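J.: Sharing a structure here in structure tokens format.
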Amino acid sequence: MLLSQEDTAQLFRLMWGLQFYINQKRHLFPTVDSCEAYARLGTQQKMIVRDLLWEHPDFIDAYLQANPDKRSDEELTIIGKWKGHVAGKFYIFRYLKDYTIFMNASHVYGVKGLFEPFDVILEGLPLPILVEAVLLPYKGQIIYDGLCKRYEIHFGSGVRKNLTEEYLAAKQNGRIQISLDAGAEFGQSFSQERALAAESGKVVAEIVQSSGRLRGGTAIQSAAFGVLRASAKTVEAAVLHPEDLAEIQQAGRQVSNALKRLGKVLERAEM
């Protein structure tokens with residue numbers, strides 16, 4: 001879930017150069033006379049320059065035009081893409097192998113850490129955690145700019161449930177954004193489908209045929225057989241016509257109705 005050490009070193013080299021340029025233009029810390037000196041500034045001082053940068057991203061255009069640090073074309077392209085940053089409040093929702101899940105009101109992002117994993121930076125606190133951060137594009141990946149403000153808020157089960165549902169929907173539908181580049185595909189690693197077992201269709205057909213012969217018995221048995229038949233039909237629709245959501249939903253409603261009938265029968269049963 002971390003950017004490589006080489007890429008992380010490049011990121012900060014470019015970021016400190018850009019922020020030092022802004023510091024010179026605005027004379028925020030006049031005694032800082034080199035990029036190396038700027039890099040040694042404390043976090044709170046850097047935060048002042050950093051906030052100014054993201055409030056006025058036109059500084060990036062000025063830096064690119066001046067190119068005071070003689071950056072290569074590749075490095076200038078990296079910096080130029082930072083105008084497509086996403087700033088605001090995010091829920092850090094889950095730590096995954098390849099990245100950490102950041103969520104806001106409209107998107108789910110897969111974000112790479114830098115020198116340390118997010119769970120270390122956030123001291124192992126329970127998720128979700130609300131943070132204020134700036135997400136950046138970097139070589140087809142999403143990173144953050146190295147500064148992250150944490151809010152001391154604890155969330156109840158309702159918020160956690162809603163976030164879980166949003167995450168699972170994004171995962172299922174391939175909407176986890178893993179790049180901020182224009183035209184980039186979403187969530188490729190999450191949208192891969194697992195192949196059905198070769199005999200699945202045949203087995204399901206046998207279950208549907210066998211369940212159709214289950215009739216009679218006690219009231220409870222009859223209602224339970226109805227649940228089995230409706231469930232088998234739902235599985236059949238999902239296996240044979242996975243793209244036909246209307247058919248699967250209709251079959252699922254039959255399962256719900258069958259379960260309700262079984263519930264009523266059980267309520268009537270006298271112990």
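In the structure tokens, chains take letters A, B, ... by order of appearance, with residues numbered from 1 within each chain and ligands from 1 in the order shown.
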List the neighbours of Gln19 (chain A) out to 8 Å using only C-alpha atoms; skip same-chain residues closer than 3 positions along the sequence, and give me the result as a count of residues only.

T.: 7

J.: Could you list, as a list of chain:residue names, every residue within 6 Å of region 81-95 of chain A, counting only C-alpha atoms and ignoring same-chain residues fewer than 3 positions away?

T.: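 Contacts, with the query itself left out: A:Ile78, A:Thr100, A:Ile101, A:Phe102, A:Met103, A:Asn104, A:Leu127, A:Pro128, A:Ile129, A:Leu130, A:Val131, A:Glu132, A:Ala133, A:Val134, A:Leu135, A:Leu136.
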
J.: Taking only C-alpha atoms into account, which of A:Leu18, A:Val208, A:Ala219, A:Val227 comes nearest Tyr38 (chain A)?

T.: A:Leu18

J.: Residues near Leu96 (chain A), anyone? I mean within 12 Å using only C-alpha atoms, not counting same-chain ones fewer than 6 positions away, as a PyMOL selection string.

T.: chain A and resi 1-2+102+109-113+117-119+189-190

J.: Let me see the file: selected residues, N, CA and C atoms, as a compact mmCIF listing (two decimals), in the first residue's frame.

T.:
# COMPACT_ATOMS: atom_id res chain seq x y z
N MET A 1 0.80 -1.20 0.00
CA MET A 1 0.00 0.00 0.00
C MET A 1 0.85 1.26 0.00
N LEU A 2 2.18 1.12 -0.20
CA LEU A 2 3.09 2.26 -0.22
C LEU A 2 3.62 2.52 -1.62
N PHE A 102 -10.11 5.59 0.68
CA PHE A 102 -10.59 6.91 1.09
C PHE A 102 -11.97 7.10 0.47
N TYR A 109 -11.88 6.09 -3.32
CA TYR A 109 -10.54 6.16 -3.89
C TYR A 109 -9.63 5.10 -3.27
N GLY A 110 -8.72 4.56 -4.07
CA GLY A 110 -7.64 3.72 -3.58
C GLY A 110 -6.36 4.54 -3.54
N VAL A 111 -5.85 4.85 -2.36
CA VAL A 111 -4.77 5.81 -2.18
C VAL A 111 -3.51 5.11 -1.65
N LYS A 112 -2.39 5.39 -2.29
CA LYS A 112 -1.10 4.86 -1.85
C LYS A 112 -0.53 5.70 -0.72
N GLY A 113 0.09 5.04 0.25
CA GLY A 113 0.82 5.75 1.28
C GLY A 113 2.20 6.14 0.79
N PRO A 117 2.84 3.41 6.22
CA PRO A 117 1.44 3.05 5.96
C PRO A 117 0.50 3.95 6.75
N PHE A 118 -0.72 4.10 6.26
CA PHE A 118 -1.69 4.95 6.93
C PHE A 118 -2.03 4.43 8.32
N ASP A 119 -2.06 3.11 8.49
CA ASP A 119 -2.42 2.60 9.82
C ASP A 119 -1.36 2.97 10.86
N SER A 189 -8.60 -3.87 -10.41
CA SER A 189 -8.28 -5.03 -9.57
C SER A 189 -9.49 -5.55 -8.82
N PHE A 190 -10.54 -4.71 -8.66
CA PHE A 190 -11.72 -5.14 -7.93
C PHE A 190 -12.80 -5.69 -8.85

J.: Could you tell me how far CA of Leu3 (chain A) lies from CA of Gly140 (chain A), in Å and to one decimal?

T.: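 CA of Gly140 (chain A) lies 11.6 Å from CA of Leu3 (chain A).
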
J.: I need the residue nearest Phe225 (chain A) from this list: A:Ala195, A:Leu259, A:Leu114, A:Leu14. Use only C-alpha atoms for the distance.

T.: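 Going through A:Ala195, A:Leu259, A:Leu114, A:Leu14 one by one, the smallest distance to Phe225 (chain A) is for A:Leu259.
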
J.: What residues in region 25-265 of chain A get the DSSP label strand (DSSP E)? Please answer as a ChimeraX atom specification.

T.: /A:86-95,100-103,108-111,129-138,141-150,176-177

J.: What is the distance, in Å and to one decimal place, between CA of Pro137 (chain A) and CA of Ala105 (chain A)?

T.: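 Calculated distance between CA of Pro137 (chain A) and CA of Ala105 (chain A) is 19.5 Å.
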
J.: Determine the nearest neighbour of Cys148 (chain A) from the options A:Gln249, A:Leu122, A:Leu180, A:Ser72, counting only C-alpha atoms.

T.: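 Of A:Gln249, A:Leu122, A:Leu180, A:Ser72, the one nearest Cys148 (chain A) is A:Leu122, counting only C-alpha atoms.
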
J.: Quick one, how far is CA of Asp69 (chain A) from CA of Arg13 (chain A)?

T.: 10.3 Å

J.: Could you pull out the residues in region 154-250 of chain A that DSSP calls alpha helix (DSSP H) from the backbone, as a PyMOL selection string?

T.: chain A and resi 157-172+188-191+200-212+219-240+245-250

J.: Taking 5 positions as the minimum chain separation for residues in the same chain, which residues sit within 10 Å of Asn67 (chain A) when counting only C-alpha atoms? Answer as a VMD selection string.

T.: chain A and resid 17 to 18 21 61 to 62 72 76

J.: With C-alpha atoms retained, export the selected residues as a compact mmCIF listing (two decimals), in the first residue's frame.

T.:
# COMPACT_ATOMS: atom_id res chain seq x y z
CA GLY A 17 10.67 22.72 -5.02
CA LEU A 18 7.18 23.91 -5.93
CA TYR A 21 8.97 28.72 -5.23
CA ASP A 61 1.24 27.17 -14.08
CA ALA A 62 3.64 29.92 -13.02
CA SER A 72 12.78 17.45 -16.88
CA LEU A 76 7.01 18.98 -15.25
